[in-house]
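Have a look at my_file04.txt; it's compact mmCIF, C-alpha atoms:
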```
# COMPACT_ATOMS: atom_id res chain seq x y z
CA MET A 1407 0.00 0.00 0.00
CA ARG A 1408 1.46 3.35 -1.05
CA THR A 1409 1.90 5.87 1.75
CA TYR A 1410 0.92 9.53 1.36
CA ARG A 1411 2.03 10.56 4.85
CA SER A 1412 4.88 12.69 3.56
CA LEU A 1413 2.38 14.98 1.81
CA PHE A 1414 1.08 16.06 5.22
CA SER A 1415 2.54 17.33 8.49
CA ILE A 1416 1.35 14.53 10.78
CA PRO A 1417 3.84 13.18 13.35
CA GLU A 1418 4.29 9.41 13.46
CA SER A 1419 3.08 9.38 17.06
CA VAL A 1420 -0.31 10.84 16.11
CA HIS A 1421 -2.92 8.43 14.76
CA TYR A 1422 -5.40 10.82 13.14
CA LEU A 1423 -8.49 8.91 11.99
CA ASN A 1424 -10.76 11.92 12.05
CA CYS A 1425 -10.96 13.49 8.58
CA ALA A 1426 -14.75 13.79 8.96
CA TYR A 1427 -14.04 16.37 11.69
CA MET A 1428 -11.45 18.33 9.75
CA SER A 1429 -8.88 17.19 7.24
CA PRO A 1430 -5.23 17.88 7.88
CA MET A 1431 -4.08 20.36 5.28
CA PRO A 1432 -1.81 18.90 2.59
CA ASN A 1433 1.54 20.66 2.53
CA ALA A 1434 0.93 21.83 -1.05
CA VAL A 1435 -2.31 23.52 0.02
CA ALA A 1436 -0.53 25.32 2.86
CA VAL A 1437 2.12 26.56 0.42
CA ALA A 1438 -0.60 27.90 -1.89
CA GLY A 1439 -2.11 29.78 1.05
CA ILE A 1440 1.21 31.31 2.06
CA LYS A 1441 1.83 32.49 -1.49
CA GLY A 1442 -1.65 33.98 -1.56
CA LEU A 1443 -1.10 35.75 1.74
CA LEU A 1444 2.10 37.34 0.49
CA ARG A 1445 0.41 38.62 -2.68
CA LYS A 1446 -1.42 41.27 -0.65
CA ALA A 1447 1.96 42.78 0.26
CA GLU A 1448 2.35 43.67 -3.42
CA PRO A 1449 -1.15 44.67 -4.60
CA TYR A 1450 0.28 46.42 -7.63
CA LYS A 1451 0.98 42.95 -9.03
CA ILE A 1452 -2.69 41.91 -8.74
CA SER A 1453 -4.48 42.57 -12.01
CA GLN A 1454 -8.20 42.87 -12.68
CA SER A 1455 -8.25 39.47 -14.34
CA ASP A 1456 -6.77 37.93 -11.17
CA PHE A 1457 -10.11 38.57 -9.45
CA PHE A 1458 -11.72 36.02 -11.76
CA THR A 1459 -9.15 33.60 -13.21
CA ASP A 1460 -8.64 31.23 -10.25
CA VAL A 1461 -12.30 31.47 -9.28
CA GLU A 1462 -13.25 30.13 -12.70
CA LYS A 1463 -10.69 27.35 -12.32
CA VAL A 1464 -12.33 26.37 -9.03
CA ARG A 1465 -15.74 26.26 -10.71
CA HIS A 1466 -14.40 23.96 -13.43
CA ALA A 1467 -12.58 21.72 -10.93
CA PHE A 1468 -15.61 21.28 -8.67
CA ALA A 1469 -17.94 20.71 -11.61
CA SER A 1470 -15.56 18.07 -12.95
CA LEU A 1471 -15.41 16.38 -9.55
CA ILE A 1472 -19.18 15.90 -9.42
CA LYS A 1473 -19.38 15.06 -13.14
CA SER A 1474 -21.10 18.22 -14.32
CA SER A 1475 -20.37 19.78 -17.71
CA GLU A 1476 -21.71 23.14 -16.54
CA PRO A 1477 -19.17 24.99 -14.37
CA GLN A 1478 -21.26 28.17 -14.52
CA ARG A 1479 -23.66 26.36 -12.17
CA VAL A 1480 -21.03 26.36 -9.42
CA ALA A 1481 -21.10 29.13 -6.83
CA ILE A 1482 -18.30 30.03 -4.40
CA ILE A 1483 -19.67 29.90 -0.85
CA PRO A 1484 -18.23 30.63 2.61
CA SER A 1485 -20.15 27.80 4.30
CA VAL A 1486 -22.80 25.15 3.82
CA SER A 1487 -25.31 27.28 5.74
CA TYR A 1488 -24.81 30.09 3.19
CA ALA A 1489 -25.78 27.81 0.32
CA ILE A 1490 -28.66 26.32 2.29
CA ALA A 1491 -29.95 29.85 3.01
CA THR A 1492 -29.75 30.59 -0.72
CA VAL A 1493 -31.87 27.52 -1.46
CA ALA A 1494 -34.36 28.50 1.25
CA ARG A 1495 -34.70 31.99 -0.20
CA ASN A 1496 -35.49 30.62 -3.67
CA LEU A 1497 -37.36 27.41 -2.90
CA PRO A 1498 -40.56 26.95 -4.93
CA CYS A 1499 -43.11 26.12 -2.23
CA LYS A 1500 -46.50 27.04 -0.79
CA ALA A 1501 -48.26 26.76 2.55
CA GLY A 1502 -48.97 23.13 3.39
CA ASN A 1503 -45.86 21.76 1.65
CA GLU A 1504 -43.34 19.61 3.46
CA ILE A 1505 -39.57 19.60 3.82
CA ILE A 1506 -38.02 16.21 4.57
CA VAL A 1507 -34.78 15.79 6.53
CA ALA A 1508 -33.06 12.86 8.21
CA HIS A 1509 -32.97 12.30 11.95
CA GLU A 1510 -30.06 14.07 13.69
CA GLN A 1511 -28.95 15.68 10.46
CA PHE A 1512 -26.17 18.26 10.75
CA PRO A 1513 -27.65 21.54 12.11
CA SER A 1514 -26.61 23.67 9.12
CA ASN A 1515 -28.99 21.57 7.04
CA VAL A 1516 -31.87 21.85 9.50
CA TYR A 1517 -32.11 25.34 11.03
CA ALA A 1518 -32.84 27.13 7.75
CA TRP A 1519 -35.70 24.74 7.01
CA GLN A 1520 -37.20 25.27 10.46
CA VAL A 1521 -37.16 29.04 9.95
CA LEU A 1522 -38.57 28.74 6.43
CA ALA A 1523 -41.34 26.46 7.67
CA LYS A 1524 -42.47 29.07 10.20
CA GLU A 1525 -42.33 31.86 7.63
CA ARG A 1526 -44.11 30.03 4.81
CA GLY A 1527 -46.48 27.69 6.61
CA LEU A 1528 -44.54 24.52 5.81
CA THR A 1529 -43.89 21.38 7.83
CA VAL A 1530 -40.47 19.89 8.51
CA HIS A 1531 -40.80 16.10 8.44
CA THR A 1532 -37.89 14.31 10.15
CA ILE A 1533 -37.38 10.66 9.21
CA ALA A 1534 -35.84 8.58 11.98
CA PRO A 1535 -33.89 5.35 11.49
CA PRO A 1536 -35.49 2.10 12.65
CA GLU A 1537 -35.16 1.20 16.33
CA THR A 1538 -33.54 -2.08 15.39
CA LEU A 1539 -29.97 -2.22 14.13
CA HIS A 1540 -30.78 -5.18 11.88
CA ASN A 1541 -30.98 -4.02 8.27
CA ARG A 1542 -30.87 -0.44 9.55
CA GLY A 1543 -29.61 1.31 6.42
CA ALA A 1544 -32.09 -0.37 4.09
CA LEU A 1545 -35.06 0.30 6.38
CA TRP A 1546 -34.08 3.94 6.89
CA ASN A 1547 -33.85 4.52 3.15
CA GLN A 1548 -37.21 2.80 2.63
CA ALA A 1549 -38.80 5.10 5.22
CA ILE A 1550 -37.41 8.18 3.48
CA LEU A 1551 -38.70 7.07 0.08
CA LYS A 1552 -42.12 6.31 1.56
CA ALA A 1553 -42.29 9.77 3.15
CA ILE A 1554 -41.99 11.58 -0.20
CA THR A 1555 -45.42 12.66 -1.47
CA ASP A 1556 -46.99 15.33 -3.67
CA LYS A 1557 -46.71 17.65 -0.66
CA THR A 1558 -42.91 17.39 -0.65
CA ALA A 1559 -41.37 20.65 -1.80
CA LEU A 1560 -37.84 19.70 -0.78
CA ILE A 1561 -35.88 16.80 0.59
CA ALA A 1562 -32.56 17.90 2.11
CA LEU A 1563 -30.07 15.12 2.82
CA PRO A 1564 -26.39 14.33 3.03
CA HIS A 1565 -24.95 11.50 0.95
CA PHE A 1566 -23.64 9.93 4.17
CA HIS A 1567 -24.94 10.72 7.62
CA TRP A 1568 -22.38 12.81 9.45
CA ALA A 1569 -22.71 10.90 12.74
CA ASP A 1570 -22.39 7.28 11.66
CA GLY A 1571 -21.80 7.23 7.90
CA THR A 1572 -25.12 5.66 6.84
CA ARG A 1573 -25.50 6.02 3.07
CA PHE A 1574 -28.63 7.45 1.51
CA GLU A 1575 -29.63 6.22 -1.95
CA LEU A 1576 -29.78 9.66 -3.51
CA ALA A 1577 -30.45 8.49 -7.06
CA ALA A 1578 -33.70 6.74 -6.08
CA ILE A 1579 -34.64 9.59 -3.73
CA ALA A 1580 -34.08 12.19 -6.46
CA ASP A 1581 -36.18 10.24 -8.95
CA LYS A 1582 -39.14 9.97 -6.59
CA VAL A 1583 -39.08 13.55 -5.33
CA HIS A 1584 -38.97 14.81 -8.92
CA ARG A 1585 -41.94 12.65 -9.86
CA CYS A 1586 -43.77 14.26 -6.94
CA GLY A 1587 -42.83 17.77 -8.06
CA GLY A 1588 -40.21 18.53 -5.41
CA ILE A 1589 -36.44 19.01 -5.41
CA LEU A 1590 -33.41 17.39 -3.80
CA ALA A 1591 -30.68 19.39 -2.02
CA VAL A 1592 -27.56 17.42 -1.11
CA ASP A 1593 -25.04 18.39 1.53
CA GLY A 1594 -22.03 16.47 0.23
CA THR A 1595 -19.57 17.78 2.81
CA GLN A 1596 -18.99 14.33 4.30
CA SER A 1597 -18.45 12.59 0.98
CA ILE A 1598 -17.49 14.75 -2.00
CA GLY A 1599 -13.76 14.45 -2.49
CA ALA A 1600 -13.55 10.99 -0.95
CA TYR A 1601 -16.49 9.11 -2.48
CA PRO A 1602 -17.67 9.16 -6.12
CA PHE A 1603 -20.50 11.58 -6.84
CA ASP A 1604 -22.00 11.66 -10.32
CA LEU A 1605 -24.70 14.15 -11.23
CA ARG A 1606 -25.45 12.08 -14.32
CA GLU A 1607 -26.73 9.37 -11.98
CA ILE A 1608 -27.87 11.40 -8.97
CA HIS A 1609 -30.14 14.06 -10.43
CA ALA A 1610 -29.85 16.48 -7.52
CA ASP A 1611 -31.01 20.09 -7.81
CA VAL A 1612 -28.37 21.43 -5.42
CA VAL A 1613 -25.03 19.91 -4.38
CA ILE A 1614 -23.07 21.63 -1.61
CA ALA A 1615 -19.66 20.90 -0.10
CA ALA A 1616 -17.57 22.72 2.48
CA SER A 1617 -13.85 22.70 1.70
CA TYR A 1618 -12.31 21.80 5.04
CA LYS A 1619 -13.20 18.11 5.24
CA TRP A 1620 -12.92 15.70 2.30
CA LEU A 1621 -12.04 18.38 -0.24
CA MET A 1622 -8.81 18.81 1.78
CA GLY A 1623 -9.03 22.60 1.62
CA PRO A 1624 -9.14 25.50 4.06
CA TYR A 1625 -11.88 26.49 6.49
CA GLY A 1626 -14.29 29.26 5.42
CA ILE A 1627 -14.85 28.38 1.77
CA GLY A 1628 -16.65 25.78 -0.33
CA ALA A 1629 -18.63 25.25 -3.51
CA ALA A 1630 -22.26 24.67 -4.41
CA TRP A 1631 -23.80 23.49 -7.68
CA PHE A 1632 -27.26 24.90 -8.46
CA GLY A 1633 -29.53 23.26 -11.02
CA PRO A 1634 -31.90 24.93 -13.52
CA VAL A 1635 -34.67 25.47 -10.95
CA PHE A 1636 -32.47 28.21 -9.44
CA ASP A 1637 -31.42 29.91 -12.67
CA ASN A 1638 -33.44 33.05 -12.03
CA GLY A 1639 -33.22 33.25 -8.25
CA LYS A 1640 -32.18 36.06 -5.93
CA PRO A 1641 -28.81 35.88 -4.16
CA LEU A 1642 -28.36 36.55 -0.46
CA GLU A 1643 -26.06 39.49 -1.21
CA GLU A 1644 -26.14 42.24 -3.80
CA SER A 1645 -22.44 41.84 -4.59
CA TRP A 1646 -21.03 43.96 -7.39
CA MET A 1647 -19.35 40.88 -8.85
CA GLY A 1648 -22.71 39.15 -8.97
CA ARG A 1649 -23.94 41.60 -11.59
CA LEU A 1650 -23.55 41.21 -15.33
CA ASN A 1651 -20.33 42.55 -16.93
CA SER A 1652 -18.69 43.20 -13.56
CA GLU A 1653 -15.37 42.04 -15.04
CA ASP A 1654 -15.02 45.50 -16.60
CA PHE A 1655 -13.82 47.64 -13.69
CA SER A 1656 -13.97 50.83 -15.75
CA ARG A 1657 -17.76 50.57 -16.00
CA LEU A 1658 -18.76 49.52 -12.48
CA VAL A 1659 -20.82 52.67 -11.94
CA ASP A 1660 -22.86 51.88 -15.02
CA TYR A 1661 -25.12 50.08 -12.60
CA GLN A 1662 -26.38 46.83 -14.03
CA PRO A 1663 -29.79 45.47 -12.95
CA ALA A 1664 -29.12 42.00 -14.42
CA TYR A 1665 -27.36 39.31 -12.43
CA GLN A 1666 -24.60 37.07 -13.69
CA PRO A 1667 -25.94 33.94 -15.44
CA GLY A 1668 -26.24 30.58 -13.75
CA ALA A 1669 -25.06 30.22 -10.18
CA VAL A 1670 -22.41 32.94 -10.43
CA ARG A 1671 -25.02 35.31 -8.98
CA TYR A 1672 -24.95 33.26 -5.77
CA ASP A 1673 -21.21 33.76 -5.14
CA VAL A 1674 -20.30 35.14 -1.74
CA GLY A 1675 -19.07 38.72 -1.70
CA GLU A 1676 -15.29 39.08 -2.09
CA LYS A 1677 -15.23 35.62 -3.62
CA SER A 1678 -11.80 36.36 -5.11
CA ASN A 1679 -10.11 35.69 -1.77
CA PHE A 1680 -6.45 35.60 -2.76
CA ILE A 1681 -5.61 33.22 0.10
CA LEU A 1682 -8.51 30.76 0.21
CA ILE A 1683 -9.20 30.42 -3.52
CA PRO A 1684 -5.63 29.28 -4.42
CA MET A 1685 -5.76 26.85 -1.48
CA LEU A 1686 -9.07 25.37 -2.57
CA LEU A 1687 -7.87 25.14 -6.16
CA GLU A 1688 -4.75 23.22 -5.13
CA ALA A 1689 -6.82 20.96 -2.87
CA LEU A 1690 -9.20 20.16 -5.72
CA ARG A 1691 -6.24 19.41 -7.96
CA LEU A 1692 -4.90 16.90 -5.44
CA VAL A 1693 -8.29 15.25 -4.93
CA GLN A 1694 -8.67 14.84 -8.68
CA GLU A 1695 -5.15 13.47 -8.97
CA TRP A 1696 -5.71 10.91 -6.21
CA GLY A 1697 -9.19 9.90 -7.40
CA THR A 1698 -12.12 9.00 -5.19
CA ALA A 1699 -11.98 5.33 -6.23
CA HIS A 1700 -8.38 5.13 -5.05
CA ILE A 1701 -9.23 6.85 -1.75
CA GLN A 1702 -12.01 4.32 -1.15
CA SER A 1703 -9.70 1.42 -2.01
CA HIS A 1704 -6.98 2.68 0.34
CA CYS A 1705 -9.46 3.13 3.19
CA ARG A 1706 -11.00 -0.29 2.53
CA GLN A 1707 -7.64 -1.98 2.99
CA LEU A 1708 -7.00 -0.01 6.16
CA ILE A 1709 -10.26 -0.76 7.92
CA ALA A 1710 -10.62 -4.41 6.84
CA PRO A 1711 -9.01 -5.70 10.10
CA LEU A 1712 -11.33 -3.43 12.09
CA ILE A 1713 -14.45 -4.79 10.40
CA ASN A 1714 -13.46 -8.31 11.44
CA PHE A 1715 -12.60 -7.15 14.94
CA PHE A 1716 -15.94 -5.41 15.40
CA ALA A 1717 -17.86 -8.46 14.18
CA GLU A 1718 -15.97 -10.70 16.62
CA THR A 1719 -16.55 -8.41 19.61
CA GLY A 1720 -20.27 -7.81 19.12
CA CYS A 1721 -20.02 -4.22 17.86
CA TYR A 1722 -22.38 -2.92 15.21
CA THR A 1723 -21.25 -1.43 11.91
CA GLU A 1724 -23.50 -0.80 8.96
CA ASP A 1725 -23.55 -3.38 6.18
CA SER A 1726 -21.04 -2.55 3.45
CA HIS A 1727 -23.83 -1.65 1.01
CA TRP A 1728 -25.08 1.09 3.32
CA ARG A 1729 -21.79 2.76 4.21
CA SER A 1730 -18.55 3.92 2.65
CA GLU A 1731 -14.95 3.05 3.41
CA HIS A 1732 -13.99 6.57 4.52
CA LEU A 1733 -16.65 7.07 7.21
CA LEU A 1734 -17.40 4.22 9.58
CA GLY A 1735 -19.79 4.45 12.51
CA VAL A 1736 -19.39 1.91 15.31
CA ARG A 1737 -21.85 1.14 18.09
CA PHE A 1738 -20.57 -0.82 21.07
CA PRO A 1739 -22.28 -3.58 23.08
CA PRO A 1740 -23.93 -2.35 26.33
CA LYS A 1741 -21.11 -3.82 28.43
CA VAL A 1742 -18.51 -1.56 26.80
CA SER A 1743 -17.89 1.81 28.48
CA ILE A 1744 -17.55 4.61 25.96
CA GLU A 1745 -15.56 6.60 28.52
CA ARG A 1746 -13.10 3.74 28.84
CA VAL A 1747 -12.77 3.70 25.05
CA ARG A 1748 -12.04 7.42 25.06
CA GLU A 1749 -9.38 7.02 27.73
CA GLU A 1750 -7.57 4.13 26.07
CA LEU A 1751 -7.55 5.78 22.64
CA SER A 1752 -6.45 9.12 24.05
CA ARG A 1753 -3.57 7.38 25.84
CA ARG A 1754 -2.36 6.12 22.48
CA ASN A 1755 -2.85 9.40 20.59
CA VAL A 1756 -5.63 7.86 18.52
CA ILE A 1757 -7.99 10.59 17.38
CA VAL A 1758 -11.54 9.72 16.31
CA SER A 1759 -14.93 11.37 16.93
CA TYR A 1760 -17.92 10.48 19.04
CA ARG A 1761 -21.28 11.45 17.59
CA GLY A 1762 -24.49 10.44 19.32
CA ASP A 1763 -24.20 6.79 20.33
CA ALA A 1764 -21.58 6.02 17.67
CA MET A 1765 -17.82 6.26 17.48
CA ARG A 1766 -16.87 7.68 14.10
CA ILE A 1767 -13.71 6.50 12.32
CA SER A 1768 -12.76 8.46 9.21
CA PRO A 1769 -9.43 7.56 7.55
CA HIS A 1770 -7.78 8.99 4.44
CA LEU A 1771 -4.72 8.44 2.28
CA TYR A 1772 -2.37 9.82 4.95
CA ASN A 1773 -3.30 6.96 7.28
CA ILE A 1774 -1.15 3.85 7.52
CA ALA A 1775 -1.57 0.41 9.07
CA ALA A 1776 0.05 1.60 12.32
CA ASP A 1777 -2.83 4.02 12.87
CA VAL A 1778 -5.40 1.24 12.70
CA GLU A 1779 -3.25 -1.04 14.83
CA ALA A 1780 -3.08 1.61 17.56
CA LEU A 1781 -6.87 2.01 17.39
CA GLN A 1782 -7.47 -1.72 17.66
CA GLU A 1783 -4.99 -2.01 20.52
CA GLY A 1784 -6.82 0.72 22.43
CA LEU A 1785 -10.19 -0.90 21.83
CA GLN A 1786 -8.93 -4.27 23.00
CA ALA A 1787 -7.73 -2.67 26.23
CA ALA A 1788 -11.07 -0.91 26.70
CA PHE A 1789 -13.03 -4.10 26.04
CA ALA A 1790 -10.97 -6.21 28.44
```

What is this file in structure tokens?
Amino acid sequence: MRTYRSLFSIPESVHYLNCAYMSPMPNAVAVAGIKGLLRKAEPYKISQSDFFTDVEKVRHAFASLIKSSEPQRVAIIPSVSYAIATVARNLPCKAGNEIIVAHEQFPSNVYAWQVLAKERGLTVHTIAPPETLHNRGALWNQAILKAITDKTALIALPHFHWADGTRFELAAIADKVHRCGGILAVDGTQSIGAYPFDLREIHADVVIAASYKWLMGPYGIGAAWFGPVFDNGKPLEESWMGRLNSEDFSRLVDYQPAYQPGAVRYDVGEKSNFILIPMLLEALRLVQEWGTAHIQSHCRQLIAPLINFFAETGCYTEDSHWRSEHLLGVRFPPKVSIERVREELSRRNVIVSYRGDAMRISPHLYNIAADVEALQEGLQAAFA
């Protein structure tokens, strides 16, 4: 197995299996950020075209990653909540419609819908997983599909649940919600960059991803793809760069009522961040170079011993069909103390996350067999 550890600044003594929390920054991305920071010291070297060139490269790179041939549908966003708020502002809906979300979904993909529901007379319908762990992923997906009706204006889901990695069958969900006249908004923050996402198969209307997790980029920036239903929407900000022909600085006071075409109108103000944009661009380049299939293969080899260990010790992990290789949720038998697990892993510098009643393991290319061995050793001590 090839090692990518040297591309990151992770000491050998640290066993970081927590990319779902925040990815370590690749060294090349850090270098891009430093170069960007230093550019501001010499603003006379920053041309008008520099405000747009790298931004357009980011649009193309993100569109390519999710298999879209329309980069103009990609907006530069500061956060997932920003893109979600944009969707909420432009959602076709009427009083009595429903918005469907998953149980214990990440708050950024819930709060906006709760506010919108109060403002527009909608109902937020939360679909819980089954009480049984047997066949959990399949039953949860079935419940979501069953909940979609002609009243559904929007279903807002991740590709993989942030707490335990359960996979949602977005292609089937998109097909049904479209037949019922609604739309699908996907928060891909916990998958895009590490797991294949293909808009030609998953006919989502919105696809959003923060940069700082599986896209391997900096905090405070991301990308969102908006489908045709949002072509004529209103942005959250009245940014000058969101208006037509804003590339011509000499004519900025020839105030333009028309917005930029596609999703460019939804860009955050000051999108041309000369630090974050080069970092995100370099991160996207690396992700494309590595390939999501290769990332999944690497992670599969890493966690294979853990899957066997969990089966032997009575722990629950989702069936392989209903999870990925990069985000594994583990639920322990009642006799196992989660606090003891925390203590033993902390003692060995093993870093994972605890979300709800699950321990979340999220490896990447920088992880090596020693990281998994340290995790298993800590668990064995906690289980003893």

Residues within 8 Å of Val1583 (chain A), all atoms listed in the file, excluding chain neighbours under 4 positions, as an mmCIF file with C-alpha atoms, keeping the file's coordinate frame:
```
data_model
loop_
_atom_site.group_PDB
_atom_site.id
_atom_site.type_symbol
_atom_site.label_atom_id
_atom_site.label_comp_id
_atom_site.auth_asym_id
_atom_site.auth_seq_id
_atom_site.Cartn_x
_atom_site.Cartn_y
_atom_site.Cartn_z
ATOM 1 C CA ILE A 1554 -41.990 11.580 -0.200
ATOM 2 C CA THR A 1555 -45.420 12.660 -1.470
ATOM 3 C CA THR A 1558 -42.910 17.390 -0.650
ATOM 4 C CA LEU A 1560 -37.840 19.700 -0.780
ATOM 5 C CA ILE A 1561 -35.880 16.800 0.590
ATOM 6 C CA ILE A 1579 -34.640 9.590 -3.730
ATOM 7 C CA GLY A 1587 -42.830 17.770 -8.060
ATOM 8 C CA GLY A 1588 -40.210 18.530 -5.410
ATOM 9 C CA ILE A 1589 -36.440 19.010 -5.410
ATOM 10 C CA LEU A 1590 -33.410 17.390 -3.800
#
```

Name the closest residue to Ile1472 (chain A) among the candidates A:Arg1606, A:Arg1737, A:Arg1411, A:His1732; distances are taken between atoms, counting all atoms listed in the file.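 So, comparing all the options, the nearest one is A:Arg1606.
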
Using all atoms listed in the file, which of the listed residues (A:Phe1680, A:Ser1759, A:Val1521, A:Glu1745) sits closest to Ala1447 (chain A)? A:Phe1680

Determine, for each residue of region 1554-1658 of chain A having at least one atom at most 7 Å from an atom of region 1682-1702 of chain A, the closest pair of atoms and their separation in Å to one decimal, counting all atoms listed in the file; order by chain and ascending number, as JSON lines.
```
{"residue": "A:Gly1599", "atom": "CA", "partner": "A:Val1693", "partner_atom": "CA", "distance": 6.0}
{"residue": "A:Ala1600", "atom": "CA", "partner": "A:Thr1698", "partner_atom": "CA", "distance": 4.9}
{"residue": "A:Tyr1601", "atom": "CA", "partner": "A:Thr1698", "partner_atom": "CA", "distance": 5.1}
{"residue": "A:Pro1602", "atom": "CA", "partner": "A:Thr1698", "partner_atom": "CA", "distance": 5.6}
{"residue": "A:Ser1617", "atom": "CA", "partner": "A:Leu1686", "partner_atom": "CA", "distance": 6.9}
{"residue": "A:Leu1621", "atom": "CA", "partner": "A:Ala1689", "partner_atom": "CA", "distance": 6.4}
{"residue": "A:Met1622", "atom": "CA", "partner": "A:Ala1689", "partner_atom": "CA", "distance": 5.5}
{"residue": "A:Gly1623", "atom": "CA", "partner": "A:Leu1686", "partner_atom": "CA", "distance": 5.0}
{"residue": "A:Pro1624", "atom": "CA", "partner": "A:Leu1682", "partner_atom": "CA", "distance": 6.5}
{"residue": "A:Ile1627", "atom": "CA", "partner": "A:Leu1682", "partner_atom": "CA", "distance": 6.9}
```

With distances taken over all atoms listed in the file, the candidate from A:Trp1519, A:Trp1728, A:Phe1738, A:Phe1512 nearest Leu1545 (chain A) is A:Trp1728

Between A:Met1431, A:Val1420, A:Ala1787, A:Ala1501, single out the one closest to Val1756 (chain A), counting only C-alpha atoms.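 Among the listed residues, the smallest separation from Val1756 (chain A) belongs to A:Val1420.
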
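Between CA of Gln1782 (chain A) and CA of His1704 (chain A) the interatomic distance comes to 17.9 Å.
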
Skipping near chain neighbours, those fewer than 6 positions away, what residues fall within 10 Å of His1565 (chain A) using only C-alpha atoms, listed as a list in words?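 After dropping sequence-adjacent residues, the list is Gly1571, Thr1572, Arg1573, Phe1574, Glu1575, Leu1576, Val1592, Asp1593, Gly1594, Thr1595, Gln1596, Ser1597, Ile1598, Tyr1601, Phe1603, Val1613 and Arg1729 of chain A.
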
Which centre and edge lengths in Å to one decimal define the box along x, y and z that fits every listed atom of region 1511-1515 of chain A plus 8 Å per side, as lines of an AutoDock Vina configuration file?
```
center_x = -27.6
center_y = 19.7
center_z = 9.6
size_x = 18.8
size_y = 24.0
size_z = 21.1
```

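Note that CA of Lys1640 (chain A) and CA of Ala1481 (chain A) are 13.1 Å apart.
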
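Distance annotation: of A:Ser1743, A:Gln1511, A:Asn1755, A:Ser1730, the residue with the minimal separation from Phe1789 (chain A) is A:Ser1743; atom set is all atoms listed in the file.
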
re CA of His1509 (chain A) and CA of Asp1611 (chain A): distance 21.3 Å

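Counting only C-alpha atoms and comparing A:Ala1562, A:Ile1608, A:Ile1452, A:Ala1775, the residue that lies closest to Glu1504 (chain A) is A:Ala1562.
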
Could you give me, as a list in words, the residues that sit within 8 Å of (-21.4, 35.8, -5.4) in the file's coordinates, counting all atoms listed in the file?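 Answer for this query, in the requested form: Ala1481, Ile1482, Ile1483, Pro1641, Glu1643, Ser1645, Met1647, Gly1648, Val1670, Arg1671, Tyr1672, Asp1673, Val1674, Gly1675, Glu1676 and Lys1677 of chain A.
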
Mind listing whatever residues come within 8 Å of the point (-16.4, 24.7, -9.5)? Use only C-alpha atoms, file coordinates, and give them as a PyMOL selection string. chain A and resi 1461-1470+1477-1482+1629-1631

Can I get the selected residues back with C-alpha atoms, as a PDB file, keeping the file's coordinate frame?
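Writing done, so here's selection31.pdb:
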```pdb
ATOM      1  CA  VAL A1461     -12.300  31.470  -9.280  1.00  0.00           C
ATOM      2  CA  GLU A1462     -13.250  30.130 -12.700  1.00  0.00           C
ATOM      3  CA  LYS A1463     -10.690  27.350 -12.320  1.00  0.00           C
ATOM      4  CA  VAL A1464     -12.330  26.370  -9.030  1.00  0.00           C
ATOM      5  CA  ARG A1465     -15.740  26.260 -10.710  1.00  0.00           C
ATOM      6  CA  HIS A1466     -14.400  23.960 -13.430  1.00  0.00           C
ATOM      7  CA  ALA A1467     -12.580  21.720 -10.930  1.00  0.00           C
ATOM      8  CA  PHE A1468     -15.610  21.280  -8.670  1.00  0.00           C
ATOM      9  CA  ALA A1469     -17.940  20.710 -11.610  1.00  0.00           C
ATOM     10  CA  SER A1470     -15.560  18.070 -12.950  1.00  0.00           C
ATOM     11  CA  PRO A1477     -19.170  24.990 -14.370  1.00  0.00           C
ATOM     12  CA  GLN A1478     -21.260  28.170 -14.520  1.00  0.00           C
ATOM     13  CA  ARG A1479     -23.660  26.360 -12.170  1.00  0.00           C
ATOM     14  CA  VAL A1480     -21.030  26.360  -9.420  1.00  0.00           C
ATOM     15  CA  ALA A1481     -21.100  29.130  -6.830  1.00  0.00           C
ATOM     16  CA  ILE A1482     -18.300  30.030  -4.400  1.00  0.00           C
ATOM     17  CA  ALA A1629     -18.630  25.250  -3.510  1.00  0.00           C
ATOM     18  CA  ALA A1630     -22.260  24.670  -4.410  1.00  0.00           C
ATOM     19  CA  TRP A1631     -23.800  23.490  -7.680  1.00  0.00           C
TER      20      TRP A1631
END
```
